[in-house]
file data.json (JSON, C-alpha atoms and all ligand atoms)
[["chain", "number", "residue", "atom", "x", "y", "z"],
["A", 673, "MET", "CA", 0.00, 0.00, 0.00],
["A", 674, "ALA", "CA", 1.53, 3.29, -1.07],
["A", 675, "ASP", "CA", 2.17, 5.95, 1.53],
["A", 676, "GLY", "CA", -0.46, 8.63, 1.62],
["A", 677, "TYR", "CA", -3.21, 6.36, 0.29],
["A", 678, "ILE", "CA", -6.48, 7.50, 1.81],
["A", 679, "PRO", "CA", -9.42, 5.13, 1.48],
["A", 680, "SER", "CA", -12.57, 6.85, 0.30],
["A", 681, "PHE", "CA", -15.22, 4.79, 2.04],
["A", 682, "ASN", "CA", -16.27, 3.21, 5.23],
["A", 683, "CYS", "CA", -13.22, 2.35, 7.30],
["A", 684, "GLY", "CA", -10.86, 4.18, 9.61],
["A", 685, "CYS", "CA", -7.56, 3.29, 7.94],
["A", 686, "LYS", "CA", -4.87, 5.84, 7.13],
["A", 687, "GLY", "CA", -1.61, 5.49, 5.18],
["A", 688, "ILE", "CA", -0.04, 2.06, 5.59],
["A", 689, "ARG", "CA", -2.54, 0.95, 8.25],
["A", 690, "THR", "CA", -4.96, -0.93, 6.02],
["A", 691, "CYS", "CA", -7.67, -3.57, 6.34],
["A", 692, "LEU", "CA", -9.09, -6.09, 3.87],
["A", 693, "ARG", "CA", -12.00, -3.76, 3.12],
["A", 694, "CYS", "CA", -9.88, -0.89, 1.81],
["A", 695, "GLU", "CA", -7.26, -3.15, 0.26],
["A", 696, "ALA", "CA", -10.04, -4.69, -1.84],
["A", 697, "GLN", "CA", -10.66, -1.25, -3.35],
["A", 698, "LYS", "CA", -7.17, -0.93, -4.71],
["A", 699, "SER", "CA", -6.65, -2.11, -8.27],
["A", 700, "GLU", "CA", -3.25, -3.57, -7.55],
["A", 701, "GLN", "CA", -3.94, -5.46, -4.41],
["A", 702, "HIS", "CA", -1.30, -6.64, -2.05],
["A", 703, "LEU", "CA", -3.51, -8.82, 0.01],
["A", 704, "LEU", "CA", -0.62, -10.66, 1.53],
["A", 705, "GLN", "CA", 1.42, -8.30, 3.60],
["A", 706, "GLU", "CA", 4.99, -9.16, 4.47],
["A", 707, "ASN", "CA", 4.03, -10.25, 7.91],
["A", 708, "ASP", "CA", 1.38, -12.69, 6.75],
["A", 709, "LEU", "CA", 3.80, -15.59, 6.84],
["A", 710, "ILE", "CA", 5.60, -15.17, 10.09],
["A", 711, "GLN", "CA", 7.92, -17.88, 11.27],
["A", 712, "TYR", "CA", 8.07, -17.50, 15.00],
["A", 713, "ASP", "CA", 11.51, -17.67, 16.48],
["A", 714, "PHE", "CA", 10.43, -18.03, 20.07],
["A", 715, "THR", "CA", 7.33, -19.00, 21.98],
["A", 716, "TYR", "CA", 6.67, -17.65, 25.45],
["A", 717, "ASP", "CA", 6.23, -20.22, 28.20],
["A", 718, "PRO", "CA", 4.17, -18.63, 31.00],
["A", 719, "VAL", "CA", 5.17, -21.30, 33.54],
["A", 720, "SER", "CA", 8.94, -20.80, 33.32],
["A", 721, "LYS", "CA", 8.56, -17.18, 32.08],
["A", 722, "THR", "CA", 11.01, -17.94, 29.32],
["A", 723, "ALA", "CA", 11.06, -17.56, 25.54],
["A", 724, "VAL", "CA", 11.77, -20.94, 23.95],
["A", 725, "ARG", "CA", 13.09, -21.80, 20.49],
["A", 726, "GLU", "CA", 13.19, -25.33, 19.08],
["A", 727, "GLU", "CA", 15.76, -25.69, 16.27],
["A", 728, "GLU", "CA", 15.26, -28.11, 13.38],
["A", 729, "SER", "CA", 18.25, -30.06, 14.68],
["A", 730, "GLY", "CA", 16.26, -30.72, 17.83],
["A", 731, "SER", "CA", 18.27, -28.42, 20.07],
["A", 732, "ARG", "CA", 16.34, -26.11, 22.32],
["A", 733, "GLN", "CA", 17.18, -22.60, 23.42],
["A", 734, "SER", "CA", 15.44, -20.73, 26.17],
["A", 735, "TYR", "CA", 15.96, -17.27, 27.61],
["A", 736, "ALA", "CA", 14.37, -15.51, 30.54],
["A", 737, "PHE", "CA", 11.61, -13.24, 29.21],
["A", 738, "PRO", "CA", 10.60, -10.89, 32.02],
["A", 739, "GLY", "CA", 7.76, -8.42, 31.92],
["A", 740, "VAL", "CA", 4.77, -10.60, 31.04],
["A", 741, "PHE", "CA", 2.16, -11.69, 33.56],
["A", 742, "LEU", "CA", -0.65, -13.92, 32.32],
["A", 743, "TRP", "CA", -3.81, -14.66, 34.32],
["A", 744, "GLU", "CA", -5.85, -17.40, 32.69],
["A", 745, "ASN", "CA", -9.64, -17.52, 33.13],
["A", 746, "PHE", "CA", -9.61, -14.00, 34.51],
["A", 747, "VAL", "CA", -13.25, -13.63, 33.49],
["A", 748, "SER", "CA", -15.87, -16.40, 33.51],
["A", 749, "GLU", "CA", -17.93, -17.39, 30.47],
["A", 750, "ASP", "CA", -21.01, -15.69, 31.92],
["A", 751, "GLU", "CA", -19.08, -12.50, 32.57],
["A", 752, "GLU", "CA", -17.66, -12.53, 29.09],
["A", 753, "ARG", "CA", -21.18, -12.74, 27.65],
["A", 754, "GLU", "CA", -22.34, -9.84, 29.81],
["A", 755, "LEU", "CA", -19.33, -7.69, 29.01],
["A", 756, "ILE", "CA", -19.72, -8.12, 25.27],
["A", 757, "ALA", "CA", -23.48, -7.59, 25.36],
["A", 758, "ARG", "CA", -22.93, -4.35, 27.29],
["A", 759, "MET", "CA", -20.18, -3.14, 24.95],
["A", 760, "ASP", "CA", -22.35, -3.89, 21.91],
["A", 761, "GLN", "CA", -25.03, -1.55, 23.27],
["A", 762, "ASP", "CA", -22.57, 1.31, 22.73],
["A", 763, "VAL", "CA", -21.30, 2.58, 19.41],
["A", 764, "TRP", "CA", -18.11, 1.04, 18.02],
["A", 765, "ARG", "CA", -16.08, 3.63, 16.12],
["A", 766, "GLU", "CA", -13.96, 2.81, 13.10],
["A", 767, "SER", "CA", -10.25, 2.78, 13.86],
["A", 768, "GLN", "CA", -7.10, 1.88, 11.91],
["A", 769, "SER", "CA", -6.15, -1.48, 10.38],
["A", 770, "GLY", "CA", -9.73, -2.74, 10.36],
["A", 771, "ARG", "CA", -10.27, -2.38, 14.09],
["A", 772, "ARG", "CA", -13.21, -0.72, 15.80],
["A", 773, "LYS", "CA", -12.89, 0.95, 19.19],
["A", 774, "GLN", "CA", -14.53, 2.42, 22.25],
["A", 775, "ASP", "CA", -12.55, 4.84, 24.37],
["A", 776, "PHE", "CA", -12.96, 5.86, 28.00],
["A", 777, "GLY", "CA", -10.21, 8.27, 28.94],
["A", 778, "PRO", "CA", -8.84, 11.80, 28.82],
["A", 779, "LYS", "CA", -8.41, 13.76, 25.62],
["A", 780, "VAL", "CA", -4.78, 13.39, 24.59],
["A", 781, "ASN", "CA", -2.53, 14.87, 21.93],
["A", 782, "PHE", "CA", 0.58, 12.69, 22.12],
["A", 783, "LYS", "CA", 2.54, 14.71, 19.58],
["A", 784, "LYS", "CA", 2.10, 17.96, 21.47],
["A", 785, "ARG", "CA", 2.15, 16.18, 24.83],
["A", 786, "ARG", "CA", -1.12, 17.73, 25.87],
["A", 787, "VAL", "CA", -3.78, 16.11, 27.96],
["A", 788, "ARG", "CA", -7.06, 17.38, 29.34],
["A", 789, "VAL", "CA", -10.19, 15.92, 30.91],
["A", 790, "GLY", "CA", -12.29, 16.73, 27.84],
["A", 791, "ASP", "CA", -15.56, 14.79, 27.81],
["A", 792, "PHE", "CA", -14.20, 11.97, 29.96],
["A", 793, "THR", "CA", -16.75, 10.80, 32.53],
["A", 794, "GLY", "CA", -14.90, 7.80, 33.95],
["A", 795, "LEU", "CA", -14.41, 4.13, 33.24],
["A", 796, "PRO", "CA", -17.60, 2.18, 32.49],
["A", 797, "ALA", "CA", -19.62, 0.67, 35.34],
["A", 798, "ILE", "CA", -18.99, -2.88, 34.08],
["A", 799, "SER", "CA", -15.27, -2.47, 34.76],
["A", 800, "ARG", "CA", -15.52, -1.86, 38.50],
["A", 801, "HIS", "CA", -15.39, -5.59, 39.34],
["A", 802, "LEU", "CA", -12.66, -6.24, 36.81],
["A", 803, "VAL", "CA", -10.42, -3.50, 38.23],
["A", 804, "ASP", "CA", -11.14, -4.75, 41.74],
["A", 805, "ARG", "CA", -10.22, -8.28, 40.80],
["A", 806, "MET", "CA", -7.00, -7.39, 38.99],
["A", 807, "SER", "CA", -5.73, -5.60, 42.08],
["A", 808, "LYS", "CA", -5.63, -9.00, 43.84],
["A", 809, "ALA", "CA", -2.55, -9.87, 41.79],
["A", 810, "PRO", "CA", 0.51, -8.59, 43.71],
["A", 811, "ARG", "CA", 1.89, -7.14, 40.46],
["A", 812, "LEU", "CA", -1.28, -5.00, 40.13],
["A", 813, "ALA", "CA", -1.86, -4.22, 43.82],
["A", 814, "SER", "CA", -1.46, -0.49, 43.22],
["A", 815, "PHE", "CA", -2.62, -0.39, 39.60],
["A", 816, "LYS", "CA", -5.13, 2.45, 39.11],
["A", 817, "PRO", "CA", -6.30, 2.77, 35.52],
["A", 818, "VAL", "CA", -7.37, 6.13, 34.10],
["A", 819, "GLU", "CA", -8.10, 4.84, 30.64],
["A", 820, "GLN", "CA", -9.91, 1.89, 29.10],
["A", 821, "CYS", "CA", -9.84, 1.22, 25.39],
["A", 822, "ASN", "CA", -11.96, -1.57, 23.92],
["A", 823, "LEU", "CA", -10.89, -2.89, 20.53],
["A", 824, "ASP", "CA", -12.92, -5.13, 18.23],
["A", 825, "TYR", "CA", -11.00, -7.30, 15.74],
["A", 826, "ASP", "CA", -12.85, -8.93, 12.84],
["A", 827, "PRO", "CA", -11.22, -11.71, 10.77],
["A", 828, "GLU", "CA", -13.32, -10.72, 7.74],
["A", 829, "ARG", "CA", -11.74, -7.27, 7.87],
["A", 830, "GLY", "CA", -8.21, -8.57, 8.42],
["A", 831, "SER", "CA", -8.07, -6.55, 11.63],
["A", 832, "ALA", "CA", -4.64, -6.25, 13.21],
["A", 833, "ILE", "CA", -2.38, -3.88, 15.13],
["A", 834, "ASP", "CA", 1.13, -3.17, 13.85],
["A", 835, "PRO", "CA", 4.19, -3.57, 16.10],
["A", 836, "HIS", "CA", 4.46, -0.55, 18.38],
["A", 837, "LEU", "CA", 5.44, 0.68, 21.83],
["A", 838, "ASP", "CA", 2.73, 2.33, 23.88],
["A", 839, "ASP", "CA", 3.41, 5.92, 24.92],
["A", 840, "SER", "CA", 5.30, 6.34, 28.18],
["A", 841, "TRP", "CA", 5.02, 10.11, 28.69],
["A", 842, "LEU", "CA", 1.41, 9.82, 29.91],
["A", 843, "TRP", "CA", 1.00, 6.10, 30.50],
["A", 844, "GLY", "CA", 2.69, 4.27, 33.34],
["A", 845, "GLU", "CA", 4.47, 1.01, 33.88],
["A", 846, "HIS", "CA", 1.66, -1.53, 33.42],
["A", 847, "LEU", "CA", -0.41, -2.20, 30.31],
["A", 848, "VAL", "CA", -3.27, -4.52, 31.21],
["A", 849, "THR", "CA", -5.35, -6.25, 28.55],
["A", 850, "ILE", "CA", -8.31, -8.60, 28.88],
["A", 851, "ASN", "CA", -8.71, -10.87, 25.86],
["A", 852, "LEU", "CA", -12.30, -11.85, 24.99],
["A", 853, "LEU", "CA", -14.23, -14.04, 22.51],
["A", 854, "SER", "CA", -11.27, -15.87, 20.92],
["A", 855, "ASP", "CA", -7.71, -17.03, 21.52],
["A", 856, "THR", "CA", -5.02, -14.95, 19.89],
["A", 857, "VAL", "CA", -1.27, -14.36, 19.89],
["A", 858, "LEU", "CA", 0.47, -11.23, 21.10],
["A", 859, "THR", "CA", 3.69, -10.95, 19.08],
["A", 860, "MET", "CA", 6.60, -9.29, 20.84],
["A", 861, "SER", "CA", 9.41, -8.11, 18.58],
["A", 862, "LEU", "CA", 12.87, -6.63, 18.90],
["A", 863, "ASP", "CA", 15.21, -5.41, 16.19],
["A", 864, "GLY", "CA", 18.93, -6.02, 16.20],
["A", 865, "GLY", "CA", 19.26, -9.51, 17.65],
["A", 866, "TRP", "CA", 18.90, -10.98, 21.10],
["A", 867, "GLY", "CA", 20.90, -13.59, 23.02],
["A", 868, "ASP", "CA", 22.60, -15.88, 20.51],
["A", 869, "VAL", "CA", 20.54, -14.45, 17.66],
["A", 870, "GLU", "CA", 23.06, -11.91, 16.46],
["A", 871, "HIS", "CA", 20.99, -9.74, 14.21],
["A", 872, "GLY", "CA", 17.64, -9.39, 12.55],
["A", 873, "GLU", "CA", 14.23, -9.25, 14.09],
["A", 874, "VAL", "CA", 13.53, -11.52, 17.02],
["A", 875, "ARG", "CA", 9.93, -12.42, 17.72],
["A", 876, "VAL", "CA", 8.34, -13.99, 20.75],
["A", 877, "ALA", "CA", 4.81, -15.35, 20.44],
["A", 878, "VAL", "CA", 2.75, -14.95, 23.62],
["A", 879, "ARG", "CA", -0.41, -17.04, 23.45],
["A", 880, "LEU", "CA", -3.43, -15.26, 24.87],
["A", 881, "PRO", "CA", -6.24, -17.64, 25.71],
["A", 882, "ARG", "CA", -9.80, -16.39, 25.50],
["A", 883, "ARG", "CA", -10.89, -14.75, 28.80],
["A", 884, "SER", "CA", -7.30, -14.28, 30.01],
["A", 885, "LEU", "CA", -5.66, -11.11, 31.28],
["A", 886, "VAL", "CA", -2.14, -10.13, 30.26],
["A", 887, "VAL", "CA", 0.11, -7.49, 31.78],
["A", 888, "LEU", "CA", 3.13, -6.00, 30.01],
["A", 889, "TYR", "CA", 5.70, -4.21, 32.17],
["A", 890, "GLY", "CA", 9.47, -3.70, 32.35],
["A", 891, "GLU", "CA", 11.32, -4.77, 29.21],
["A", 892, "ALA", "CA", 8.21, -6.21, 27.59],
["A", 893, "ARG", "CA", 6.59, -2.79, 28.00],
["A", 894, "HIS", "CA", 9.47, -0.45, 27.15],
["A", 895, "ARG", "CA", 11.93, -2.36, 24.97],
["A", 896, "TRP", "CA", 9.94, -4.96, 23.02],
["A", 897, "LYS", "CA", 7.28, -3.84, 20.57],
["A", 898, "HIS", "CA", 3.94, -5.64, 20.62],
["A", 899, "ALA", "CA", 1.52, -6.46, 17.81],
["A", 900, "ILE", "CA", -1.51, -8.59, 16.93],
["A", 901, "HIS", "CA", -1.05, -10.00, 13.44],
["A", 902, "ARG", "CA", -3.91, -10.59, 11.08],
["A", 903, "GLU", "CA", -3.48, -14.34, 10.90],
["A", 904, "HIS", "CA", -3.96, -14.58, 14.66],
["A", 905, "ILE", "CA", -7.50, -13.25, 14.48],
["A", 906, "ARG", "CA", -9.49, -16.44, 13.91],
["A", 907, "GLY", "CA", -12.87, -15.24, 15.10],
["A", 908, "ARG", "CA", -14.26, -12.02, 16.47],
["A", 909, "ARG", "CA", -11.88, -10.80, 19.17],
["A", 910, "VAL", "CA", -12.60, -8.02, 21.62],
["A", 911, "CYS", "CA", -10.05, -6.75, 24.09],
["A", 912, "SER", "CA", -10.07, -4.13, 26.82],
["A", 913, "THR", "CA", -6.79, -2.40, 27.57],
["A", 914, "PHE", "CA", -6.38, -0.49, 30.83],
["A", 915, "ARG", "CA", -3.66, 2.11, 31.31],
["A", 916, "GLU", "CA", -2.34, 3.88, 34.42],
["A", 917, "LEU", "CA", -0.64, 7.29, 34.74],
["A", 918, "SER", "CA", 3.11, 7.88, 34.55],
["A", 919, "ALA", "CA", 5.08, 9.40, 37.47],
["A", 920, "GLU", "CA", 4.67, 12.92, 36.04],
["A", 921, "PHE", "CA", 0.92, 12.71, 36.79],
["A", 922, "LEU", "CA", 1.19, 11.04, 40.21],
["A", 923, "GLN", "CA", 1.97, 12.38, 43.68],
["A", 924, "GLY", "CA", 5.08, 14.56, 43.57],
["A", 925, "GLY", "CA", 4.95, 14.84, 39.77],
["A", 926, "GLU", "CA", 4.64, 18.08, 37.85],
["A", 927, "GLN", "CA", 1.10, 17.34, 36.72],
["A", 928, "GLU", "CA", -0.08, 15.75, 39.94],
["A", 929, "LYS", "CA", -3.21, 17.92, 40.13],
["A", 930, "LEU", "CA", -4.49, 16.88, 36.71],
["A", 931, "GLY", "CA", -3.53, 13.30, 37.46],
["A", 932, "SER", "CA", -5.57, 13.18, 40.64],
["A", 933, "GLU", "CA", -8.55, 14.74, 38.88],
["A", 934, "LEU", "CA", -8.36, 12.07, 36.18],
["A", 935, "LEU", "CA", -8.04, 9.30, 38.74],
["A", 936, "ASP", "CA", -11.04, 10.48, 40.76],
["A", 937, "LEU", "CA", -13.14, 10.64, 37.64],
["A", 938, "ALA", "CA", -11.95, 7.33, 36.20],
["A", 939, "LEU", "CA", -12.57, 5.34, 39.35],
["A", 940, "ARG", "CA", -16.13, 6.55, 39.85],
["A", 941, "PHE", "CA", -17.05, 4.12, 37.08],
["A", 942, "HIS", "CA", -19.78, 6.31, 35.65],
["A", 943, "GLY", "CA", -18.31, 6.52, 32.20],
["A", 944, "ALA", "CA", -19.85, 6.62, 28.75],
["A", 945, "PRO", "CA", -17.73, 5.99, 25.66],
["A", 946, "LEU", "CA", -16.31, 9.07, 23.92],
["A", 1001, "LIG", "O1", -5.16, -5.89, 20.94],
["A", 1001, "LIG", "C1", -4.32, -5.95, 21.82],
["A", 1001, "LIG", "O2", -4.25, -6.88, 22.61],
["A", 1001, "LIG", "C2", -3.25, -4.88, 21.91],
["A", 1001, "LIG", "C3", -3.77, -3.50, 21.72],
["A", 1001, "LIG", "C4", -2.65, -2.50, 21.82],
["A", 1001, "LIG", "O3", -1.50, -2.82, 21.77],
["A", 1001, "LIG", "C5", -2.95, -1.07, 21.96],
["A", 1001, "LIG", "O4", -4.13, -0.69, 21.91],
["A", 1001, "LIG", "O5", -2.01, -0.28, 22.15],
["A", 1002, "FE", "FE", -0.22, -1.28, 22.50]]

call {"tool": "encode", "arguments": {"input": "data.json", "output": "structure tokens", "more": "lines below"}}
Ligand SMILES: O=C(O)CCC(=O)C(=O)O
Ligand SMILES: [Fe+2]
result
Amino acid sequence: MADGYIPSFNCGCKGIRTCLRCEAQKSEQHLLQENDLIQYDFTYDPVSKTAVREEESGSRQSYAFPGVFLWENFVSEDEERELIARMDQDVWRESQSGRRKQDFGPKVNFKKRRVRVGDFTGLPAISRHLVDRMSKAPRLASFKPVEQCNLDYDPERGSAIDPHLDDSWLWGEHLVTINLLSDTVLTMSLDGGWGDVEHGEVRVAVRLPRRSLVVLYGEARHRWKHAIHREHIRGRRVCSTFRELSAEFLQGGEQEKLGSELLDLALRFHGAPL
């Protein structure tokens, strides 16, 4: 897809962030993107917290892979049904790469590093129990989200999210995502080699079972990019990502006042999507 290509119809894609719907409109289609045939180098093992690679020769390499916490069966089947039914009562807005989204959070301009309350009215009521429950994990004992973003991935649209790092000017140490409706794979990637892999892109596949919660922190948050590739969306997938504030917006930080206003609002759980 050429840079600057702007689809002229019903999707939210811009530039290189395309979906099957807008790709189908192009005369010269490149339906298979480069990353459609990924050979995974490593697979994450949540028990040993290592990234494991099996060579064709039968030898096995494994390296510590810190910064991922996985909580299986975080929500029950009944809860999942209720959560999705509730989300589907609200409008889903078109986003990039064939995703749809619902946002509950402050108004942010990341380029200009500006944030304000805007129309934010708090996280949705359905999240109160979820946030309560996540705080039972020692890693999340003091996690206080001020933003929730729900994303809806559709295999028919080729929905995906390209490798990226989440902002760390506004957002804090922990990125918390609840994975609903289908299993998927969160692909972690690093350029320039790792361990005995001297150069090139190293990828670690983190399996996310349906109804699990995953936390990225430390190196997995700040050094490794994360992505959801198209081929790992096998059925409708909905996720909710929760983000906390960075030190600048917490006690003792320069923007503490705004931070505490956002926190108070967020944790009243009276929110409507923006
Ligand atoms: O879909 C996911 O699990 C990841 C979403 C994500 O990385 C983001 O919204 O920044
Ligand atoms: Fe992200």

call {"tool": "residues_near_ligand", "arguments": {"input": "data.json", "ligand": "ligand LIG 1001 (chain A)", "cutoff": "8 Å", "atoms": "all atoms listed in the file", "output": "number ranges by chain"}}
result
A: 821, 823, 825, 832-833, 836-838, 849-851, 858, 898-900, 910-913

call {"tool": "closest_residue", "arguments": {"input": "data.json", "among": "A:Arg908, A:His942, A:Arg732, A:His894", "to": "ligand FE 1002 (chain A)", "atoms": "all atoms listed in the file"}}
result
A:His894

call {"tool": "closest_residue", "arguments": {"input": "data.json", "among": "A:Glu916, A:Glu870, A:Glu728, A:Glu695", "to": "Gly770 (chain A)", "atoms": "only C-alpha atoms"}}
result
A:Glu695

call {"tool": "residues_around", "arguments": {"input": "data.json", "residues": "His901 (chain A)", "least_positions_apart": "5", "cutoff": "9 Å", "atoms": "all atoms listed in the file", "output": "ChimeraX atom specification"}}
result
/A:707-708,830-835,857-859

call {"tool": "atom_distance", "arguments": {"input": "data.json", "atom1": "CA of Asp868 (chain A)", "atom2": "CA of Val740 (chain A)"}}
result
21.4 Å

call {"tool": "build_atoms", "arguments": {"input": "data.json", "residues": "region 751-767 of chain A", "atoms": "N, CA and C atoms", "output": "mmCIF file, in the coordinates of the input"}}
result
data_model
loop_
_atom_site.group_PDB
_atom_site.id
_atom_site.type_symbol
_atom_site.label_atom_id
_atom_site.label_comp_id
_atom_site.auth_asym_id
_atom_site.auth_seq_id
_atom_site.Cartn_x
_atom_site.Cartn_y
_atom_site.Cartn_z
ATOM 1 N N GLU A 751 -19.541 -13.905 32.553
ATOM 2 C CA GLU A 751 -19.080 -12.500 32.570
ATOM 3 C C GLU A 751 -18.721 -12.023 31.176
ATOM 4 N N GLU A 752 -18.062 -12.901 30.452
ATOM 5 C CA GLU A 752 -17.660 -12.530 29.090
ATOM 6 C C GLU A 752 -18.903 -12.164 28.260
ATOM 7 N N ARG A 753 -19.932 -12.994 28.385
ATOM 8 C CA ARG A 753 -21.180 -12.740 27.650
ATOM 9 C C ARG A 753 -21.763 -11.375 28.032
ATOM 10 N N GLU A 754 -21.781 -11.128 29.344
ATOM 11 C CA GLU A 754 -22.340 -9.840 29.810
ATOM 12 C C GLU A 754 -21.518 -8.659 29.334
ATOM 13 N N LEU A 755 -20.207 -8.798 29.409
ATOM 14 C CA LEU A 755 -19.330 -7.690 29.010
ATOM 15 C C LEU A 755 -19.546 -7.340 27.536
ATOM 16 N N ILE A 756 -19.580 -8.377 26.702
ATOM 17 C CA ILE A 756 -19.720 -8.120 25.270
ATOM 18 C C ILE A 756 -21.103 -7.541 24.957
ATOM 19 N N ALA A 757 -22.130 -8.096 25.610
ATOM 20 C CA ALA A 757 -23.480 -7.590 25.360
ATOM 21 C C ALA A 757 -23.552 -6.107 25.728
ATOM 22 N N ARG A 758 -22.918 -5.758 26.848
ATOM 23 C CA ARG A 758 -22.930 -4.350 27.290
ATOM 24 C C ARG A 758 -22.161 -3.460 26.305
ATOM 25 N N MET A 759 -20.974 -3.950 25.890
ATOM 26 C CA MET A 759 -20.180 -3.140 24.950
ATOM 27 C C MET A 759 -20.950 -2.931 23.648
ATOM 28 N N ASP A 760 -21.650 -3.976 23.197
ATOM 29 C CA ASP A 760 -22.350 -3.890 21.910
ATOM 30 C C ASP A 760 -23.579 -2.971 21.966
ATOM 31 N N GLN A 761 -23.957 -2.547 23.185
ATOM 32 C CA GLN A 761 -25.030 -1.550 23.270
ATOM 33 C C GLN A 761 -24.502 -0.152 22.947
ATOM 34 N N ASP A 762 -23.188 0.017 23.062
ATOM 35 C CA ASP A 762 -22.570 1.310 22.730
ATOM 36 C C ASP A 762 -22.064 1.287 21.298
ATOM 37 N N VAL A 763 -21.794 2.469 20.789
ATOM 38 C CA VAL A 763 -21.300 2.580 19.410
ATOM 39 C C VAL A 763 -19.839 2.142 19.340
ATOM 40 N N TRP A 764 -19.505 1.353 18.327
ATOM 41 C CA TRP A 764 -18.110 1.040 18.020
ATOM 42 C C TRP A 764 -17.667 2.009 16.925
ATOM 43 N N ARG A 765 -16.571 2.694 17.129
ATOM 44 C CA ARG A 765 -16.080 3.630 16.120
ATOM 45 C C ARG A 765 -14.980 3.001 15.284
ATOM 46 N N GLU A 766 -14.995 3.343 13.992
ATOM 47 C CA GLU A 766 -13.960 2.810 13.100
ATOM 48 C C GLU A 766 -12.583 3.312 13.529
ATOM 49 N N SER A 767 -11.619 2.407 13.539
ATOM 50 C CA SER A 767 -10.250 2.780 13.860
ATOM 51 C C SER A 767 -9.342 2.302 12.744
#
